[in-house]
>>> print(open('structure_16.cif').read())   # mmCIF, C-alpha atoms
data_data
loop_
_atom_site.label_atom_id
_atom_site.label_comp_id
_atom_site.auth_asym_id
_atom_site.auth_seq_id
_atom_site.Cartn_x
_atom_site.Cartn_y
_atom_site.Cartn_z
CA MET A 1036 35.16 -16.26 -11.57
CA THR A 1037 32.28 -15.14 -9.31
CA GLU A 1038 30.04 -17.86 -7.95
CA THR A 1039 26.41 -16.89 -8.60
CA HIS A 1040 24.73 -20.24 -8.20
CA ASP A 1041 25.18 -20.92 -4.48
CA ALA A 1042 22.26 -22.81 -3.00
CA ILE A 1043 20.13 -20.91 -0.49
CA PRO A 1044 17.86 -22.35 2.23
CA CYS A 1045 14.06 -21.98 2.19
CA SER A 1046 14.17 -19.25 4.87
CA GLU A 1047 16.41 -17.12 2.66
CA ALA A 1048 14.33 -17.76 -0.49
CA VAL A 1049 11.07 -16.91 1.30
CA ARG A 1050 12.57 -13.77 2.79
CA GLN A 1051 13.32 -12.51 -0.70
CA LEU A 1052 10.15 -13.57 -2.54
CA TRP A 1053 8.35 -10.21 -2.68
CA ASP A 1054 11.52 -8.39 -3.62
CA TYR A 1055 12.06 -11.11 -6.21
CA LEU A 1056 8.59 -10.39 -7.65
CA ASP A 1057 9.37 -6.66 -7.54
CA HIS A 1058 12.72 -7.25 -9.29
CA ALA A 1059 14.19 -5.37 -6.35
CA ILE A 1060 17.06 -7.76 -5.69
CA ALA A 1061 20.42 -8.05 -7.38
CA PRO A 1062 20.53 -10.28 -10.52
CA GLU A 1063 22.74 -12.82 -8.74
CA ASP A 1064 20.22 -13.08 -5.89
CA GLN A 1065 17.41 -13.37 -8.45
CA GLU A 1066 19.31 -16.35 -9.92
CA LYS A 1067 19.71 -17.95 -6.50
CA VAL A 1068 15.97 -17.68 -5.83
CA ASP A 1069 15.23 -19.05 -9.33
CA LYS A 1070 17.47 -22.00 -8.66
CA HIS A 1071 15.88 -22.65 -5.29
CA LEU A 1072 12.39 -22.49 -6.79
CA SER A 1073 13.37 -24.97 -9.49
CA PHE A 1074 13.51 -27.77 -6.93
CA CYS A 1075 11.52 -26.59 -3.87
CA ARG A 1076 7.75 -27.13 -4.18
CA LYS A 1077 7.05 -25.61 -0.77
CA CYS A 1078 8.66 -22.32 -1.77
CA CYS A 1079 6.81 -22.38 -5.11
CA GLY A 1080 3.63 -22.45 -3.02
CA GLU A 1081 4.93 -19.47 -1.03
CA LEU A 1082 5.67 -17.68 -4.32
CA GLU A 1083 2.18 -18.30 -5.70
CA PHE A 1084 0.65 -17.05 -2.47
CA ALA A 1085 2.84 -13.92 -2.53
CA LYS A 1086 1.52 -13.21 -6.05
CA GLU A 1087 -2.08 -13.73 -4.90
CA LEU A 1088 -1.52 -11.49 -1.90
CA ARG A 1089 -0.16 -8.69 -4.11
CA GLU A 1090 -3.18 -8.90 -6.39
CA PHE A 1091 -5.44 -9.06 -3.34
CA LEU A 1092 -3.94 -5.86 -1.90
CA ALA A 1093 -4.22 -4.04 -5.23
CA SER A 1094 -7.88 -5.00 -5.67
CA LYS A 1095 -9.21 -4.90 -2.11
CA GLY A 1096 -6.96 -2.24 -0.63
CA ALA A 1097 -8.59 0.62 -2.50
CA GLY A 1098 -11.86 1.66 -0.92
CA GLU A 1099 -14.79 3.59 -2.31
CA ILE A 1100 -15.89 7.07 -1.41
CA PRO A 1101 -19.23 7.24 0.45
CA SER A 1102 -21.74 9.55 -1.24
CA ASP A 1103 -22.11 11.90 1.75
CA VAL A 1104 -18.33 12.37 1.93
CA LYS A 1105 -18.22 12.93 -1.84
CA ASP A 1106 -20.94 15.59 -1.59
CA ARG A 1107 -19.12 17.39 1.22
CA LEU A 1108 -15.79 17.34 -0.62
CA GLU A 1109 -17.40 18.56 -3.84
CA ARG A 1110 -18.89 21.48 -1.92
CA PHE A 1111 -15.45 22.14 -0.44
CA VAL A 1112 -13.96 22.24 -3.96
CA GLY A 1113 -16.76 24.53 -5.12
CA ASP A 1114 -16.01 26.97 -2.28
CA LEU A 1115 -12.29 27.24 -3.09
CA MET B 723 -21.61 38.50 -21.89
CA GLY B 724 -18.80 39.03 -19.37
CA GLU B 725 -15.29 37.91 -20.25
CA VAL B 726 -13.94 34.85 -18.45
CA THR B 727 -10.74 35.85 -16.73
CA LEU B 728 -7.61 33.71 -16.66
CA GLU B 729 -8.09 33.36 -12.90
CA GLN B 730 -11.60 32.00 -13.40
CA ARG B 731 -10.40 29.56 -16.07
CA THR B 732 -7.65 28.33 -13.73
CA LYS B 733 -10.15 27.94 -10.92
CA ASP B 734 -12.53 25.98 -13.16
CA ALA B 735 -9.71 23.73 -14.43
CA PHE B 736 -8.66 22.96 -10.86
CA ARG B 737 -12.23 22.17 -9.82
CA ARG B 738 -12.61 19.75 -12.74
CA LEU B 739 -9.35 18.05 -11.84
CA ALA B 740 -10.15 17.90 -8.13
CA ILE B 741 -13.62 16.47 -8.62
CA SER B 742 -12.42 13.80 -11.05
CA GLU B 743 -9.68 12.79 -8.60
CA LEU B 744 -11.82 12.75 -5.44
CA PRO B 745 -12.42 8.96 -5.36
CA ALA B 746 -8.70 8.16 -5.81
CA LEU B 747 -7.59 10.79 -3.31
CA TYR B 748 -10.10 9.66 -0.73
CA ALA B 749 -9.13 6.00 -1.20
CA LEU B 750 -5.46 6.81 -0.68
CA ALA B 751 -6.22 9.00 2.34
CA ARG B 752 -8.42 6.30 3.88
CA SER B 753 -5.64 3.76 3.57
CA LEU B 754 -3.11 6.15 5.05
CA VAL B 755 -5.01 7.77 7.92
CA GLY B 756 -8.30 5.92 8.29
CA ASN B 757 -11.04 8.07 9.78
CA ASP B 758 -9.09 11.30 9.27
CA ALA B 759 -9.23 10.82 5.51
CA GLU B 760 -11.63 13.68 4.81
CA ASP B 761 -9.36 16.19 6.59
CA LEU B 762 -6.34 14.95 4.66
CA VAL B 763 -8.17 15.29 1.35
CA GLN B 764 -9.29 18.83 2.22
CA GLU B 765 -5.77 19.91 3.14
CA THR B 766 -4.45 18.36 -0.08
CA LEU B 767 -7.03 20.17 -2.17
CA LEU B 768 -6.30 23.47 -0.48
CA LEU B 769 -2.56 23.17 -1.14
CA GLY B 770 -3.23 21.91 -4.65
CA TYR B 771 -5.46 24.88 -5.37
CA ARG B 772 -2.78 27.30 -4.20
CA GLY B 773 -0.09 25.65 -6.32
CA PHE B 774 -2.21 24.76 -9.36
CA ALA B 775 -1.01 27.66 -11.52
CA GLY B 776 2.50 26.15 -11.36
CA LEU B 777 1.40 22.73 -12.63
CA LYS B 778 2.81 22.32 -16.13
CA GLU B 779 0.84 19.28 -17.28
CA VAL B 780 -2.76 19.08 -16.15
CA SER B 781 -2.88 15.48 -17.45
CA ALA B 782 -0.43 14.58 -14.63
CA GLY B 783 -2.65 16.35 -12.12
CA GLY B 784 -3.85 13.19 -10.36
CA ARG B 785 -0.32 12.04 -9.55
CA TRP B 786 0.58 15.60 -8.60
CA LEU B 787 -2.28 15.82 -6.10
CA LYS B 788 -1.31 12.46 -4.62
CA ARG B 789 2.25 13.69 -4.12
CA ILE B 790 0.90 16.73 -2.30
CA MET B 791 -1.14 14.40 -0.09
CA LEU B 792 1.92 12.29 0.66
CA ASN B 793 3.91 15.37 1.61
CA VAL B 794 1.18 16.39 4.05
CA PHE B 795 1.06 12.86 5.44
CA ARG B 796 4.87 12.74 5.80
CA ASP B 797 4.97 16.14 7.54
CA GLU B 798 2.23 15.10 9.97
CA LEU B 799 4.09 11.91 10.69
CA ARG B 800 7.28 13.85 11.41
CA LYS B 801 5.45 16.26 13.70
CA ARG B 802 3.95 13.46 15.73
CA THR B 803 6.93 11.15 15.88
CA ARG B 804 10.19 13.02 16.17
CA THR B 805 12.09 9.79 15.91
CA VAL B 806 10.81 6.97 13.78
CA GLU B 807 11.00 3.71 15.66
CA GLU B 808 11.62 0.75 13.43
CA LEU B 809 10.16 -2.44 14.84
CA PRO B 810 12.62 -5.26 15.48
CA MET B 811 12.30 -8.00 12.88
CA ASN B 812 13.08 -10.85 15.26
CA ASP B 813 9.51 -11.52 16.28
CA ILE B 814 7.97 -11.37 12.81
CA GLU B 815 10.73 -12.55 10.48
CA GLY B 816 9.81 -16.17 10.94
CA PHE B 817 6.09 -15.65 10.34
CA SER B 818 4.62 -16.97 7.10
CA LEU B 819 0.90 -16.66 6.47
CA TYR B 820 1.18 -19.30 3.77
CA ARG B 821 2.66 -21.80 6.23
CA THR B 822 0.37 -20.79 9.09
CA LEU B 823 -2.65 -21.56 6.89
CA VAL B 824 -1.20 -24.96 5.97
CA ASP B 825 -0.40 -25.77 9.63
CA GLU B 826 -3.62 -24.45 11.20
CA ASP B 827 -5.90 -25.47 8.32
CA PRO B 828 -8.74 -23.10 9.28
CA LEU B 829 -10.91 -24.22 6.32
CA PRO B 830 -10.64 -28.03 6.44
CA TYR B 831 -13.16 -28.58 3.63
CA SER B 832 -11.45 -26.22 1.22
CA ASP B 833 -9.44 -27.45 -1.76
CA THR B 834 -8.16 -23.94 -2.34
CA LEU B 835 -7.30 -22.95 1.22
CA HIS B 836 -5.13 -19.89 0.53
CA ALA B 837 -7.42 -18.36 -2.08
CA ASP B 838 -10.49 -18.98 0.11
CA PHE B 839 -8.77 -17.36 3.08
CA LEU B 840 -8.16 -14.20 1.05
CA GLU B 841 -11.67 -14.33 -0.37
CA ALA B 842 -13.12 -14.08 3.14
CA PHE B 843 -11.73 -10.55 3.50
CA GLY B 844 -13.90 -7.67 2.30
CA LYS B 845 -12.55 -4.19 1.60
CA ASP B 846 -13.48 -3.01 5.09
CA ASP B 847 -11.61 -5.95 6.62
CA VAL B 848 -8.51 -5.12 4.60
CA ARG B 849 -8.69 -1.50 5.75
CA GLU B 850 -9.05 -2.64 9.36
CA VAL B 851 -5.95 -4.79 9.02
CA LEU B 852 -4.00 -1.96 7.39
CA MET B 853 -5.00 0.42 10.18
CA ARG B 854 -3.48 -1.95 12.73
CA LEU B 855 -0.02 -1.42 11.23
CA PRO B 856 2.28 1.37 12.43
CA GLU B 857 2.02 4.32 10.03
CA ILE B 858 5.57 4.09 8.68
CA TYR B 859 4.92 0.58 7.44
CA ARG B 860 1.35 1.15 6.34
CA GLY B 861 2.42 4.17 4.27
CA VAL B 862 4.99 2.34 2.15
CA LEU B 863 2.79 -0.72 1.76
CA VAL B 864 -0.18 1.31 0.54
CA LEU B 865 1.92 3.34 -1.87
CA ARG B 866 3.73 0.36 -3.35
CA TYR B 867 1.04 -2.29 -3.55
CA ILE B 868 -2.23 -0.37 -3.67
CA ASP B 869 -1.25 2.80 -5.49
CA GLY B 870 1.60 1.36 -7.56
CA PHE B 871 4.30 3.90 -6.69
CA ALA B 872 7.85 2.82 -7.56
CA THR B 873 10.11 2.23 -4.56
CA LYS B 874 12.47 5.02 -5.69
CA GLU B 875 9.56 7.45 -5.81
CA ILE B 876 8.47 6.42 -2.31
CA ALA B 877 12.02 7.04 -1.08
CA ARG B 878 11.93 10.51 -2.64
CA VAL B 879 8.56 11.36 -1.14
CA PHE B 880 9.54 10.31 2.37
CA GLY B 881 13.08 11.66 2.06
CA VAL B 882 14.69 8.36 3.11
CA PRO B 883 17.24 6.08 1.39
CA LEU B 884 15.94 3.37 -0.94
CA GLY B 885 17.27 0.69 1.43
CA THR B 886 15.05 2.08 4.20
CA VAL B 887 11.98 1.82 1.96
CA LEU B 888 12.84 -1.77 1.02
CA ALA B 889 13.38 -2.69 4.68
CA ARG B 890 10.06 -1.06 5.68
CA LEU B 891 8.28 -2.85 2.85
CA HIS B 892 9.68 -6.13 4.10
CA ARG B 893 8.58 -5.48 7.69
CA GLY B 894 5.27 -4.04 6.48
CA ARG B 895 4.47 -7.18 4.47
CA LYS B 896 5.31 -9.45 7.37
CA LEU B 897 3.23 -7.37 9.77
CA PHE B 898 0.35 -7.27 7.29
CA GLU B 899 0.40 -11.06 6.92
CA ARG B 900 0.50 -11.60 10.66
CA GLU B 901 -2.27 -9.07 11.28
CA MET B 902 -4.45 -10.73 8.63
CA TRP B 903 -4.18 -13.98 10.55
CA THR B 904 -4.77 -12.32 13.94
CA TYR B 905 -7.73 -10.34 12.56
CA ALA B 906 -9.29 -13.45 11.03
CA GLU B 907 -8.99 -15.25 14.37
CA GLU B 908 -10.24 -12.35 16.52
CA THR B 909 -13.25 -11.56 14.36
CA GLU B 910 -14.01 -15.19 13.57
CA LEU B 911 -14.00 -14.10 9.93
CA LEU B 912 -13.72 -17.62 8.60
CA VAL B 913 -16.56 -18.90 10.81
CA LYS B 914 -18.84 -16.07 9.64
CA GLY B 915 -17.89 -17.07 6.08
#
>>> encode(input="structure_16.cif", output="structure tokens")
Amino acid sequence: MTETHDAIPCSEAVRQLWDYLDHAIAPEDQEKVDKHLSFCRKCCGELEFAKELREFLASKGAGEIPSDVKDRLERFVGDL
Amino acid sequence: MGEVTLEQRTKDAFRRLAISELPALYALARSLVGNDAEDLVQETLLLGYRGFAGLKEVSAGGRWLKRIMLNVFRDELRKRTRTVEELPMNDIEGFSLYRTLVDEDPLPYSDTLHADFLEAFGKDDVREVLMRLPEIYRGVLVLRYIDGFATKEIARVFGVPLGTVLARLHRGRKLFEREMWTYAEETELLVKG
């Protein structure tokens, strides 16, 4: 039988948190992180912050287009 | 009344698409290349215009234009850097912005330290931080977390294995976190409040 419930240290759990949120790690690793989070409050804090940081990037990463740039690009499109 | 030719209709359809997508294209370009964003958008539009007749679904036009932009970005990157140098992880692997904030406690009167730290950053600050990252890391970070591209799609666009994208995302996130902290310290962002 394959062991899928090995304990992992905080450093390993933290290293995988974003991939864990992205579901980009293997199911057995997902389980290991889940197990670690079930008893480690510090890593739960790291997880919450990783979630906040993702939302932060999605909302503040996208900038707006200045009106003078928009005008110039619209003229460029019109001249095509 | 003169007849509208197929060519004219195609041209008009492209112009409508391009103008509706300008804000999204510019935002992506700004995150990828900073002050050269306008040039990147122009080149994208030019290539898009030339290839528009081959686009099967105009409703997917926004994504299509973004892919064109990414191809231009990738080609420019390849021209400038013949060999992509991955940064060693050793010096950043141990960095945690979450822990740094707890240890340094830059906002001693805050009950919501981590949220308040993020709140201090405006859109321009975030762009400044992103621009400090090497392009290969900034590119994947922007595509994944700002534009919502799937990691497999990013791998396809850049012509690299999925594992490379995941590794660059990991380094990119670490670098981004560290640069956020450095930027906040250098600009006294939290003091300015």
>>> resolve_selection(input="structure_16.cif", expression="the PyMOL selection byres ((chain A) within 9 of (chain B))", output="mmCIF file with C-alpha atoms, in the coordinates of the input")
data_model
loop_
_atom_site.group_PDB
_atom_site.id
_atom_site.type_symbol
_atom_site.label_atom_id
_atom_site.label_comp_id
_atom_site.auth_asym_id
_atom_site.auth_seq_id
_atom_site.Cartn_x
_atom_site.Cartn_y
_atom_site.Cartn_z
ATOM 1 C CA SER A 1046 14.170 -19.250 4.870
ATOM 2 C CA VAL A 1049 11.070 -16.910 1.300
ATOM 3 C CA ARG A 1050 12.570 -13.770 2.790
ATOM 4 C CA GLN A 1051 13.320 -12.510 -0.700
ATOM 5 C CA TRP A 1053 8.350 -10.210 -2.680
ATOM 6 C CA ASP A 1054 11.520 -8.390 -3.620
ATOM 7 C CA ALA A 1059 14.190 -5.370 -6.350
ATOM 8 C CA GLY A 1080 3.630 -22.450 -3.020
ATOM 9 C CA GLU A 1081 4.930 -19.470 -1.030
ATOM 10 C CA PHE A 1084 0.650 -17.050 -2.470
ATOM 11 C CA ALA A 1085 2.840 -13.920 -2.530
ATOM 12 C CA GLU A 1087 -2.080 -13.730 -4.900
ATOM 13 C CA LEU A 1088 -1.520 -11.490 -1.900
ATOM 14 C CA ARG A 1089 -0.160 -8.690 -4.110
ATOM 15 C CA GLU A 1090 -3.180 -8.900 -6.390
ATOM 16 C CA PHE A 1091 -5.440 -9.060 -3.340
ATOM 17 C CA LEU A 1092 -3.940 -5.860 -1.900
ATOM 18 C CA ALA A 1093 -4.220 -4.040 -5.230
ATOM 19 C CA SER A 1094 -7.880 -5.000 -5.670
ATOM 20 C CA LYS A 1095 -9.210 -4.900 -2.110
ATOM 21 C CA GLY A 1096 -6.960 -2.240 -0.630
ATOM 22 C CA ALA A 1097 -8.590 0.620 -2.500
ATOM 23 C CA GLY A 1098 -11.860 1.660 -0.920
ATOM 24 C CA GLU A 1099 -14.790 3.590 -2.310
ATOM 25 C CA ILE A 1100 -15.890 7.070 -1.410
ATOM 26 C CA VAL A 1104 -18.330 12.370 1.930
ATOM 27 C CA LYS A 1105 -18.220 12.930 -1.840
ATOM 28 C CA LEU A 1108 -15.790 17.340 -0.620
ATOM 29 C CA GLU A 1109 -17.400 18.560 -3.840
ATOM 30 C CA PHE A 1111 -15.450 22.140 -0.440
ATOM 31 C CA VAL A 1112 -13.960 22.240 -3.960
ATOM 32 C CA GLY A 1113 -16.760 24.530 -5.120
ATOM 33 C CA LEU A 1115 -12.290 27.240 -3.090
#
>>> closest_residue(input="structure_16.cif", among="B:Ile876, B:Leu823, B:Ala775, B:Ala735", to="Glu907 (chain B)", atoms="only C-alpha atoms")
B:Leu823
>>> closest_residue(input="structure_16.cif", among="A:Lys1067, A:Arg1110, A:Lys1086, A:Ser1102", to="Asp1041 (chain A)", atoms="only C-alpha atoms")
A:Lys1067
>>> resolve_selection(input="structure_16.cif", expression="the PyMOL selection byres ((chain B and resi 875) around 10)", output="short mmCIF file (atom, residue, chain, number, x, y, z; two decimals) with C-alpha atoms, keeping the file's coordinate frame")
data_model
loop_
_atom_site.label_atom_id
_atom_site.label_comp_id
_atom_site.auth_asym_id
_atom_site.auth_seq_id
_atom_site.Cartn_x
_atom_site.Cartn_y
_atom_site.Cartn_z
CA ARG B 789 2.25 13.69 -4.12
CA LEU B 865 1.92 3.34 -1.87
CA ARG B 866 3.73 0.36 -3.35
CA PHE B 871 4.30 3.90 -6.69
CA ALA B 872 7.85 2.82 -7.56
CA THR B 873 10.11 2.23 -4.56
CA LYS B 874 12.47 5.02 -5.69
CA ILE B 876 8.47 6.42 -2.31
CA ALA B 877 12.02 7.04 -1.08
CA ARG B 878 11.93 10.51 -2.64
CA VAL B 879 8.56 11.36 -1.14
CA PHE B 880 9.54 10.31 2.37
CA GLY B 881 13.08 11.66 2.06
CA LEU B 884 15.94 3.37 -0.94
CA VAL B 887 11.98 1.82 1.96
#
>>> atom_distance(input="structure_16.cif", atom1="CA of Tyr905 (chain B)", atom2="CA of Val851 (chain B)")
6.8 Å
>>> closest_residue(input="structure_16.cif", among="B:Glu765, B:Glu901, B:Asp833, B:Glu729", to="Glu798 (chain B)", atoms="only C-alpha atoms")
B:Glu765
>>> atom_distance(input="structure_16.cif", atom1="CA of Leu911 (chain B)", atom2="CA of Leu1052 (chain A)")
27.2 Å
>>> resolve_selection(input="structure_16.cif", expression="the PyMOL selection byres ((chain B and resi 858) around 10)", output="PyMOL selection string")
chain B and resi 754+796+799+806-808+855-857+859-863+880+887+890-891+894
>>> residues_around(input="structure_16.cif", residues="Leu777 (chain B)", least_positions_apart="5", cutoff="12 Å", atoms="all atoms listed in the file", output="list in words")
Thr732, Ala735, Phe736, Leu739, Gly770, Tyr771, Arg772, Ala782, Gly783, Gly784, Arg785, Trp786, Leu787 and Ile790 of chain B
>>> atom_distance(input="structure_16.cif", atom1="CA of Ala1042 (chain A)", atom2="CA of His1071 (chain A)")
6.8 Å
>>> decode(input="structure_16.cif", residues="region 797-894 of chain B", atoms="C-alpha atoms", output="mmCIF file, in the first residue's frame")
data_model
loop_
_atom_site.group_PDB
_atom_site.id
_atom_site.type_symbol
_atom_site.label_atom_id
_atom_site.label_comp_id
_atom_site.auth_asym_id
_atom_site.auth_seq_id
_atom_site.Cartn_x
_atom_site.Cartn_y
_atom_site.Cartn_z
ATOM 1 C CA ASP B 797 9.902 36.744 -29.632
ATOM 2 C CA GLU B 798 11.302 40.026 -28.314
ATOM 3 C CA LEU B 799 12.448 38.266 -25.182
ATOM 4 C CA ARG B 800 14.205 35.601 -27.239
ATOM 5 C CA LYS B 801 15.901 38.204 -29.416
ATOM 6 C CA ARG B 802 17.248 40.079 -26.435
ATOM 7 C CA THR B 803 18.234 37.143 -24.270
ATOM 8 C CA ARG B 804 19.604 34.265 -26.295
ATOM 9 C CA THR B 805 19.832 32.165 -23.182
ATOM 10 C CA VAL B 806 17.302 32.532 -20.431
ATOM 11 C CA GLU B 807 19.020 32.709 -17.081
ATOM 12 C CA GLU B 808 16.987 31.232 -14.290
ATOM 13 C CA LEU B 809 17.736 32.835 -10.951
ATOM 14 C CA PRO B 810 19.009 30.511 -8.232
ATOM 15 C CA MET B 811 16.335 29.831 -5.637
ATOM 16 C CA ASN B 812 18.726 29.640 -2.699
ATOM 17 C CA ASP B 813 18.553 33.298 -1.778
ATOM 18 C CA ILE B 814 14.785 33.679 -2.050
ATOM 19 C CA GLU B 815 13.391 30.263 -1.158
ATOM 20 C CA GLY B 816 13.395 31.032 2.533
ATOM 21 C CA PHE B 817 11.680 34.409 2.167
ATOM 22 C CA SER B 818 8.095 34.702 3.379
ATOM 23 C CA LEU B 819 6.341 38.059 3.218
ATOM 24 C CA TYR B 820 3.766 36.775 5.679
ATOM 25 C CA ARG B 821 6.468 35.968 8.237
ATOM 26 C CA THR B 822 8.499 39.098 7.514
ATOM 27 C CA LEU B 823 5.438 41.226 8.319
ATOM 28 C CA VAL B 824 4.891 39.337 11.580
ATOM 29 C CA ASP B 825 8.575 39.661 12.551
ATOM 30 C CA GLU B 826 9.106 43.286 11.495
ATOM 31 C CA ASP B 827 5.625 44.486 12.467
ATOM 32 C CA PRO B 828 5.730 47.639 10.306
ATOM 33 C CA LEU B 829 2.202 48.697 11.365
ATOM 34 C CA PRO B 830 2.249 48.226 15.159
ATOM 35 C CA TYR B 831 -1.226 49.699 15.671
ATOM 36 C CA SER B 832 -2.883 47.486 13.088
ATOM 37 C CA ASP B 833 -5.124 44.572 14.035
ATOM 38 C CA THR B 834 -5.139 43.416 10.440
ATOM 39 C CA LEU B 835 -1.456 43.776 9.614
ATOM 40 C CA HIS B 836 -1.312 41.706 6.412
ATOM 41 C CA ALA B 837 -4.443 43.171 4.858
ATOM 42 C CA ASP B 838 -3.354 46.718 5.758
ATOM 43 C CA PHE B 839 0.067 46.128 4.230
ATOM 44 C CA LEU B 840 -1.545 45.123 0.923
ATOM 45 C CA GLU B 841 -4.004 47.999 1.156
ATOM 46 C CA ALA B 842 -1.115 50.487 1.189
ATOM 47 C CA PHE B 843 -0.205 49.522 -2.388
ATOM 48 C CA GLY B 844 -1.909 51.394 -5.212
ATOM 49 C CA LYS B 845 -2.023 50.136 -8.797
ATOM 50 C CA ASP B 846 1.048 52.180 -9.721
ATOM 51 C CA ASP B 847 2.976 50.683 -6.803
ATOM 52 C CA VAL B 848 2.061 47.172 -7.904
ATOM 53 C CA ARG B 849 3.232 47.942 -11.437
ATOM 54 C CA GLU B 850 6.505 49.335 -10.072
ATOM 55 C CA VAL B 851 7.066 46.140 -8.110
ATOM 56 C CA LEU B 852 6.247 43.978 -11.123
ATOM 57 C CA MET B 853 8.665 45.957 -13.287
ATOM 58 C CA ARG B 854 11.477 45.147 -10.857
ATOM 59 C CA LEU B 855 11.158 41.435 -11.651
ATOM 60 C CA PRO B 856 13.132 39.814 -14.478
ATOM 61 C CA GLU B 857 10.881 39.511 -17.548
ATOM 62 C CA ILE B 858 10.709 35.711 -17.583
ATOM 63 C CA TYR B 859 9.194 35.709 -14.115
ATOM 64 C CA ARG B 860 7.050 38.794 -14.569
ATOM 65 C CA GLY B 861 5.540 37.340 -17.748
ATOM 66 C CA VAL B 862 4.260 34.121 -16.186
ATOM 67 C CA LEU B 863 3.084 35.878 -13.040
ATOM 68 C CA VAL B 864 1.069 38.448 -14.984
ATOM 69 C CA LEU B 865 -0.474 35.846 -17.255
ATOM 70 C CA ARG B 866 -1.425 33.472 -14.458
ATOM 71 C CA TYR B 867 -2.566 35.776 -11.690
ATOM 72 C CA ILE B 868 -3.633 38.972 -13.443
ATOM 73 C CA ASP B 869 -4.925 37.686 -16.760
ATOM 74 C CA GLY B 870 -6.049 34.249 -15.592
ATOM 75 C CA PHE B 871 -4.281 32.131 -18.216
ATOM 76 C CA ALA B 872 -4.029 28.416 -17.374
ATOM 77 C CA THR B 873 -0.498 27.169 -16.727
ATOM 78 C CA LYS B 874 -0.728 24.770 -19.695
ATOM 79 C CA GLU B 875 -1.662 27.656 -21.975
ATOM 80 C CA ILE B 876 1.286 29.702 -20.693
ATOM 81 C CA ALA B 877 3.590 26.767 -21.415
ATOM 82 C CA ARG B 878 2.208 26.595 -24.960
ATOM 83 C CA VAL B 879 2.608 30.320 -25.555
ATOM 84 C CA PHE B 880 6.212 30.406 -24.351
ATOM 85 C CA GLY B 881 7.077 27.047 -25.897
ATOM 86 C CA VAL B 882 8.447 25.624 -22.631
ATOM 87 C CA PRO B 883 7.533 22.520 -20.591
ATOM 88 C CA LEU B 884 4.803 22.844 -17.956
ATOM 89 C CA GLY B 885 7.373 22.138 -15.218
ATOM 90 C CA THR B 886 9.358 25.198 -16.322
ATOM 91 C CA VAL B 887 6.255 27.394 -16.039
ATOM 92 C CA LEU B 888 5.496 26.041 -12.557
ATOM 93 C CA ALA B 889 9.097 26.611 -11.459
ATOM 94 C CA ARG B 890 9.070 30.174 -12.849
ATOM 95 C CA LEU B 891 5.756 30.864 -11.139
ATOM 96 C CA HIS B 892 7.254 29.701 -7.866
ATOM 97 C CA ARG B 893 10.340 31.909 -8.254
ATOM 98 C CA GLY B 894 8.209 34.769 -9.582
#
